[in-house]
Amino acid sequence: MSEAADATQEKPANTPGRGRPTGATPKGLETRVRIIKGAREALEEGGMEALTTRRIAASAGVKLATLHYYFDSKESLLLAVLEDLIAEMDEAYRQDVALPKDPEDRVEALIRASWRYIQRTRGKQIAQTELTLYALRTKGSEWLAARQYNAYIDFYGHLVFEDDSDEELRRIGRAVARQMLIGIDGIILQSYALEDLSASNEDIEALIIAMRGYLRRLLAEHGKAR
């Protein structure tokens, strides 16, 4: 079956940012993965300017019509790229370290795992920054930047506590995640700009101390001290 024939089996989703609906054929899912991979490669190698439909289609080995079927807008494709990046980050973190039970120790382990991942994924980090700036600068695409950062906050927030079924613990986890992201984002840009790994390692140690203390204070304020 050709890609074009496969693509006609389902109608594209109308929900903004969702792209192809679930329930696709195995060949359709494989095609979608190839398109996302092509978009990631273009974004990481050449930035937003290189993220053209022709380049993505060529990298994925599909026709332009097939690409437009699976992703009816640049934003829907970028959302899929973002989800793929976060899924990869989640897998990398979980393989890198077994998170301790103590929340403060978990925060420290998360920051260290994050820094190790950042050091070996320079292209991805710059691509994610460019994705944020594109969304903020493009009228009508601001929602993508909000989706991006909410996804990061959810990712870190859910990992702060071994069990975050308590609503207050979830709120505290997200508060800590926001501060972690503020620190990590700043260290990423400073590290790449100054190319001073020694200073960046010191900054990571300072962030760990600050986040352990912040978490301890939040838990004590809300009677959740352990």
# chains A, B, ... in the order shown; residues from 1 in each chain; ligands from 1
>>> closest_atom_pairs(of="segment 18-115 of chain A", to="segment 179-192 of chain A", cutoff="9 Å", atoms="only C-alpha atoms", output="CSV")
residue,atom,partner,partner_atom,distance
A:Val107,CA,A:Met180,CA,8.8
A:Ile111,CA,A:Met180,CA,7.7
A:Ser114,CA,A:Ile184,CA,8.3
A:Trp115,CA,A:Ile184,CA,8.0
>>> residues_around(residues="Glu130 of chain A", least_positions_apart="4", cutoff="12 Å", atoms="only C-alpha atoms", output="list in words")
Leu43, Glu44, Glu45, Gly46, Gly47, Met48, Glu49, Ala50, Leu51, Leu78, Leu82, Gly123, Lys124, Gln125, Ile126, Tyr134, Ala135, Leu136, Arg137, Thr138, Ala145, Gln148 and Leu189 of chain A
>>> select_by_dssp(residues="segment 37-194 of chain A", states="alpha helix (DSSP H)", output="PyMOL selection string")
chain A and resi 37-46+53-60+64-70+74-96+103-119+122-137+142-160+167-194
>>> residues_around(residues="Arg55 of chain A", least_positions_apart="6", cutoff="12 Å", atoms="only C-alpha atoms", output="list in words")
Ile35, Lys37, Gly38, Ala39, Arg40, Glu41, Ala42, Leu43, Glu45, Gly46, Met48, Glu49, Gly61, Val62, Lys63, Leu64 and Leu67 of chain A
>>> residues_around(residues="Arg174 of chain A", least_positions_apart="5", cutoff="8 Å", atoms="only C-alpha atoms", output="list in words")
Ile153, Asp154, Tyr156, Gly157 and His158 of chain A
>>> atom_distance(atom1="atom CA of Asn150 of chain A", atom2="atom CA of Ser200 of chain A")
25.3 Å
>>> atom_distance(atom1="atom CA of Ala109 of chain A", atom2="atom CA of Arg171 of chain A")
19.9 Å
>>> closest_residue(among="A:Arg112, A:Arg170, A:Lys139, A:Arg120", to="Ile209 of chain A", atoms="only C-alpha atoms")
A:Arg112
